[in-house]
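Q: My structure file entry32.txt, compact mmCIF, C-alpha atoms, is below:
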# COMPACT_ATOMS: atom_id res chain seq x y z
CA GLY A 1133 114.54 99.04 104.00
CA GLU A 1134 112.44 101.53 105.90
CA ASN A 1135 111.86 100.66 109.53
CA VAL A 1136 111.08 101.92 112.97
CA GLY A 1137 113.82 101.59 115.56
CA LEU A 1138 115.03 102.75 118.95
CA HIS A 1139 118.22 104.50 120.05
CA LEU A 1140 118.62 102.95 123.52
CA PRO A 1141 117.96 99.33 124.40
CA THR A 1142 117.90 99.88 128.20
CA LEU A 1143 117.10 102.76 130.51
CA SER A 1144 117.36 102.87 134.30
CA VAL A 1145 115.73 105.72 136.22
CA GLN A 1146 115.17 106.57 139.84
CA GLU A 1147 111.61 106.40 141.09
CA GLY A 1148 110.05 109.85 140.86
CA ASP A 1149 112.32 111.04 138.06
CA ASN A 1150 111.14 111.66 134.53
CA SER A 1151 111.91 109.12 131.80
CA ILE A 1152 112.50 109.80 128.13
CA ILE A 1153 112.43 106.97 125.61
CA ASN A 1154 113.43 107.72 122.04
CA CYS A 1155 112.56 106.23 118.68
CA ALA A 1156 113.78 106.94 115.15
CA TYR A 1157 111.78 106.15 112.08
CA SER A 1158 112.81 106.24 108.46
CA ASN A 1159 109.54 105.92 106.55
CA SER A 1160 108.75 109.49 105.60
CA ALA A 1161 105.27 108.42 104.53
CA SER A 1162 104.34 107.36 108.06
CA ASP A 1163 101.51 109.46 109.42
CA TYR A 1164 100.51 107.76 112.63
CA PHE A 1165 102.60 106.58 115.55
CA ILE A 1166 101.84 104.68 118.71
CA TRP A 1167 103.70 103.87 121.92
CA TYR A 1168 103.11 100.51 123.56
CA LYS A 1169 104.13 99.14 126.95
CA GLN A 1170 104.83 95.44 127.30
CA GLU A 1171 105.21 93.77 130.67
CA SER A 1172 106.75 90.37 131.05
CA GLY A 1173 104.43 87.60 129.89
CA LYS A 1174 101.84 90.01 128.50
CA GLY A 1175 100.93 91.45 125.15
CA PRO A 1176 101.66 95.07 124.21
CA GLN A 1177 99.38 97.62 125.85
CA PHE A 1178 98.48 100.91 124.17
CA ILE A 1179 99.86 104.02 125.92
CA ILE A 1180 99.42 106.98 123.60
CA ASP A 1181 99.30 107.82 119.91
CA ILE A 1182 100.01 110.82 117.70
CA ARG A 1183 99.27 111.77 114.11
CA SER A 1184 101.76 113.43 111.84
CA ASN A 1185 99.83 116.71 111.82
CA MET A 1186 100.70 117.14 115.50
CA ASP A 1187 104.05 117.56 117.24
CA LYS A 1188 102.97 116.95 120.82
CA ARG A 1189 100.27 115.04 122.63
CA GLN A 1190 99.75 114.58 126.33
CA GLY A 1191 98.10 111.85 128.34
CA GLN A 1192 98.08 110.95 131.97
CA ARG A 1193 101.74 111.27 133.07
CA VAL A 1194 102.87 110.62 129.48
CA THR A 1195 103.75 112.95 126.62
CA VAL A 1196 104.65 111.99 123.08
CA LEU A 1197 106.73 114.34 120.95
CA LEU A 1198 107.06 114.02 117.19
CA ASN A 1199 109.79 115.73 115.19
CA LYS A 1200 109.10 115.08 111.53
CA THR A 1201 112.14 117.04 110.37
CA VAL A 1202 114.52 114.50 111.90
CA LYS A 1203 112.02 111.61 111.95
CA HIS A 1204 112.18 111.23 115.69
CA LEU A 1205 109.59 110.23 118.25
CA SER A 1206 109.91 110.31 122.02
CA LEU A 1207 107.88 109.19 125.00
CA GLN A 1208 108.18 111.13 128.22
CA ILE A 1209 106.94 109.60 131.46
CA ALA A 1210 106.58 111.98 134.38
CA ALA A 1211 107.29 110.90 137.96
CA THR A 1212 108.26 107.39 136.94
CA GLN A 1213 106.90 104.67 139.19
CA PRO A 1214 107.97 101.04 139.73
CA GLY A 1215 104.87 99.94 137.83
CA ASP A 1216 106.26 101.68 134.75
CA SER A 1217 109.04 99.08 134.52
CA ALA A 1218 108.49 97.32 131.20
CA VAL A 1219 109.64 97.26 127.60
CA TYR A 1220 108.40 100.18 125.53
CA PHE A 1221 107.89 99.99 121.79
CA CYS A 1222 107.14 102.65 119.26
CA ALA A 1223 105.04 101.50 116.33
CA GLU A 1224 104.10 102.94 113.01
CA ASN A 1225 100.87 102.60 111.10
CA PRO A 1226 101.52 103.89 107.59
CA SER A 1227 97.97 103.21 106.41
CA TYR A 1228 96.06 105.15 109.02
CA SER A 1229 95.06 108.06 106.82
CA GLY A 1230 93.86 105.81 104.04
CA ALA A 1231 91.74 102.69 103.88
CA GLY A 1232 94.40 100.83 105.74
CA SER A 1233 94.35 97.70 107.79
CA TYR A 1234 95.88 99.12 110.97
CA GLN A 1235 98.87 96.86 110.42
CA LEU A 1236 101.58 98.01 112.79
CA THR A 1237 105.35 98.09 112.30
CA PHE A 1238 107.16 97.93 115.63
CA GLY A 1239 110.64 99.01 116.63
CA LYS A 1240 112.94 96.85 118.74
CA GLY A 1241 111.98 98.17 122.17
CA THR A 1242 113.57 99.87 125.16
CA LYS A 1243 113.60 98.23 128.55
CA LEU A 1244 112.79 100.69 131.31
CA SER A 1245 113.89 99.77 134.84
CA VAL A 1246 112.72 101.91 137.72
CA ILE A 1247 114.96 101.95 140.77
CA PRO A 1248 112.93 102.30 144.00
CA ASP B 957 85.72 88.12 129.56
CA THR B 958 86.54 91.44 127.98
CA GLY B 959 90.02 90.72 126.62
CA VAL B 960 91.68 88.79 123.82
CA SER B 961 92.23 85.19 124.83
CA GLN B 962 94.92 82.92 123.42
CA ASP B 963 95.39 79.22 123.93
CA PRO B 964 97.66 77.56 124.82
CA ARG B 965 99.93 79.97 126.70
CA HIS B 966 102.94 77.75 126.13
CA LYS B 967 103.70 75.02 123.62
CA ILE B 968 106.81 72.88 123.33
CA THR B 969 107.02 70.75 120.24
CA LYS B 970 109.56 68.66 118.41
CA ARG B 971 110.91 69.85 115.11
CA GLY B 972 108.79 68.60 112.24
CA GLN B 973 105.55 68.43 114.21
CA ASN B 974 102.47 70.51 113.44
CA VAL B 975 101.04 72.94 115.97
CA THR B 976 97.82 74.93 116.12
CA PHE B 977 97.08 78.00 118.22
CA ARG B 978 93.72 79.55 118.96
CA CYS B 979 92.71 83.18 119.44
CA ASP B 980 89.37 84.40 120.77
CA PRO B 981 89.06 88.14 120.09
CA ILE B 982 86.92 90.66 121.92
CA SER B 983 83.42 89.64 120.89
CA GLU B 984 82.35 92.77 119.00
CA HIS B 985 85.69 93.22 117.18
CA ASN B 986 85.57 92.46 113.49
CA ARG B 987 89.30 92.77 112.80
CA LEU B 988 91.78 90.15 113.96
CA TYR B 989 95.55 90.16 113.59
CA TRP B 990 98.38 87.71 114.15
CA TYR B 991 101.87 88.86 115.02
CA ARG B 992 105.10 87.05 115.85
CA GLN B 993 107.57 88.30 118.43
CA THR B 994 111.06 86.93 119.00
CA LEU B 995 113.12 87.64 122.09
CA GLY B 996 114.26 91.24 122.32
CA GLN B 997 112.37 92.31 119.21
CA GLY B 998 109.15 94.07 118.53
CA PRO B 999 106.15 92.15 117.19
CA GLU B 1000 106.09 91.49 113.44
CA PHE B 1001 102.87 91.43 111.47
CA LEU B 1002 101.84 88.06 110.02
CA THR B 1003 98.25 88.34 108.81
CA TYR B 1004 94.94 90.11 109.27
CA PHE B 1005 91.25 89.22 108.99
CA GLN B 1006 88.23 91.39 108.61
CA ASN B 1007 85.37 89.18 109.72
CA GLU B 1008 86.11 85.83 108.06
CA ALA B 1009 88.10 87.26 105.14
CA GLN B 1010 91.90 87.11 105.27
CA LEU B 1011 92.82 90.45 103.71
CA GLU B 1012 96.56 90.73 104.23
CA LYS B 1013 99.44 88.31 104.61
CA SER B 1014 103.04 89.16 105.36
CA ARG B 1015 105.92 87.62 103.47
CA LEU B 1016 106.86 86.17 106.85
CA LEU B 1017 103.88 83.86 106.52
CA SER B 1018 105.51 81.02 104.62
CA ASP B 1019 103.54 78.19 103.06
CA ARG B 1020 103.98 76.22 106.28
CA PHE B 1021 101.77 78.75 108.05
CA SER B 1022 98.03 78.95 107.64
CA ALA B 1023 95.45 81.01 109.48
CA GLU B 1024 91.70 80.74 109.48
CA ARG B 1025 88.77 82.57 110.93
CA PRO B 1026 85.88 80.45 109.66
CA LYS B 1027 82.94 82.18 111.30
CA GLY B 1028 84.42 85.60 111.81
CA SER B 1029 84.88 84.99 115.52
CA PHE B 1030 87.80 82.91 116.81
CA SER B 1031 90.88 82.29 114.69
CA THR B 1032 93.45 79.53 114.45
CA LEU B 1033 97.07 79.71 113.34
CA GLU B 1034 98.65 76.44 112.24
CA ILE B 1035 102.34 75.84 111.64
CA GLN B 1036 103.20 72.68 109.77
CA ARG B 1037 106.57 70.91 109.91
CA THR B 1038 107.84 73.24 112.62
CA GLU B 1039 111.44 74.44 112.52
CA GLN B 1040 113.60 75.78 115.33
CA GLY B 1041 113.34 79.22 113.77
CA ASP B 1042 109.62 79.17 114.43
CA SER B 1043 110.28 79.49 118.17
CA ALA B 1044 108.69 82.77 119.18
CA MET B 1045 105.74 84.37 120.91
CA TYR B 1046 102.66 84.41 118.69
CA LEU B 1047 100.41 87.33 119.50
CA CYS B 1048 96.83 87.86 118.47
CA ALA B 1049 95.12 91.24 118.48
CA SER B 1050 91.66 92.47 117.61
CA SER B 1051 90.00 95.78 116.88
CA LEU B 1052 86.89 97.42 115.52
CA LYS B 1053 87.21 98.72 111.97
CA ARG B 1054 86.72 102.37 112.78
CA GLN B 1055 88.86 102.53 115.89
CA GLY B 1056 92.35 103.87 116.03
CA ALA B 1057 95.20 101.93 117.51
CA ASP B 1058 93.89 102.50 121.02
CA GLY B 1059 91.22 99.98 120.20
CA TYR B 1060 93.83 97.50 119.03
CA THR B 1061 93.95 95.01 121.89
CA PHE B 1062 96.59 92.31 122.15
CA GLY B 1063 96.29 88.97 123.87
CA SER B 1064 99.02 87.60 126.12
CA GLY B 1065 100.34 85.36 123.38
CA THR B 1066 101.30 81.73 122.85
CA ARG B 1067 104.97 81.02 123.43
CA LEU B 1068 106.20 78.32 121.06
CA THR B 1069 109.43 76.45 121.65
CA VAL B 1070 110.60 74.06 118.95
CA VAL B 1071 113.18 71.55 120.16
In structure tokens, write the structure found in this file.
A:
Amino acid sequence: GENVGLHLPTLSVQEGDNSIINCAYSNSASDYFIWYKQESGKGPQFIIDIRSNMDKRQGQRVTVLLNKTVKHLSLQIAATQPGDSAVYFCAENPSYSGAGSYQLTFGKGTKLSVIP
Amino acid sequence: DTGVSQDPRHKITKRGQNVTFRCDPISEHNRLYWYRQTLGQGPEFLTYFQNEAQLEKSRLLSDRFSAERPKGSFSTLEIQRTEQGDSAMYLCASSLKRQGADGYTFGSGTRLTVV
């Protein structure tokens, strides 16, 4: 079936370096994507989103890139800090452009560990 | 309180028992969602309410599961005759109808362990 998934289950980076977390999706009808951060014992927290009519969007220290040709999404974190250590999920909302429910389909997650 | 509140945080129950979880959304949010998350996986959608109406249910929501939102405010999720496979984190989220996903706020979840 169609799903949202991640290439790498774990990622370790040195504090101050940039991090790149990747996500592949297979539902070509998806038109809205979100990155979430989940710390231990907490619910997912919104980081940044992007619509399919864009290929790049920047936030504070984060950038999301969307490549619709290869159905690939990435999250770049600049100057990674210890507080960025968490599990990161990409999620898909296929109903965003219509009268959808904002139901989200999540990938499996990548654990980011920041080495001080 | 400005967040989504879930109670209890942890629940251990014996197989075959019934359990009920509660979610209090952000007060002005009219949409409420339940998700299930197993270890190492992303959350999976279970069901969604707009005000008191349950508008979508996942196939994951078997007949042992029931959710209610009687007054359009708090919601309950009940699991009857629990099975070991029901062990998971149950997450609640809420949002306003016209917001994008950045208004989609998750609670910290109820961790269920069925022994």
Q: Of the candidates A:Asn1154, A:Thr1212, A:Gln1177, A:Gln1192, which one gets nearest to chain B if we count only C-alpha atoms?
A: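 Among the listed residues, the smallest separation from chain B belongs to A:Gln1177.
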Q: Which one is closest to Cys1048 of chain B: B:Leu1033, B:Ile968, B:Val1070, B:Leu1011? Count all atoms listed in the file.
A: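 Distance minimum relative to Cys1048 of chain B lands on B:Leu1033.
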Q: Using all atoms listed in the file, determine which residues lie at most 8 Å from Leu1244 of chain A, disregarding the query and same-chain residues fewer than 4 positions distant; provide the list as number ranges by chain.
A: A: 1142-1145, 1216-1220
Q: Could you tell me which residues of chain A sit within 7 Å of chain B when counting only C-alpha atoms, and give me the result as a PyMOL selection string?
A: chain A and resi 1173-1176+1178+1221+1235-1241
Q: List as a list in words: which residues have an atom within 9 Å of (88.6, 87.8, 108.1), counting only C-alpha atoms?
A: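 With a cut-off of 9 Å, the residues come to Asn986, Arg987, Leu988, Tyr1004, Phe1005, Gln1006, Asn1007, Glu1008, Ala1009, Gln1010, Leu1011, Glu1024, Arg1025, Pro1026, Lys1027, Gly1028, Ser1029 and Ser1031 of chain B.
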Q: Go ahead and compute the interatomic distance for atom CA of Asp980 of chain B and atom CA of Asp1181 of chain A, in Å to one decimal.
A: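 Atom CA of Asp1181 of chain A lies 25.5 Å from atom CA of Asp980 of chain B.
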Q: Quick one: what's the axis-aligned box for segment 1010-1017 of chain B, all listed atoms, 5 Å on every side, centre and edges in Å to one decimal, as lines of an AutoDock Vina configuration file?
A:
center_x = 99.4
center_y = 87.3
center_z = 105.2
size_x = 25.0
size_y = 16.9
size_z = 13.4
Q: Using atom CA of Pro1248 of chain A and atom CA of Ala1211 of chain A as the two end points, give the distance in Å to one decimal.
A: 11.9 Å
Q: Between B:Ser1050, B:Thr1069, B:Ser1014, B:Gln1040, which has the minimum distance to Glu984 of chain B (counting all atoms listed in the file)?
A: B:Ser1050
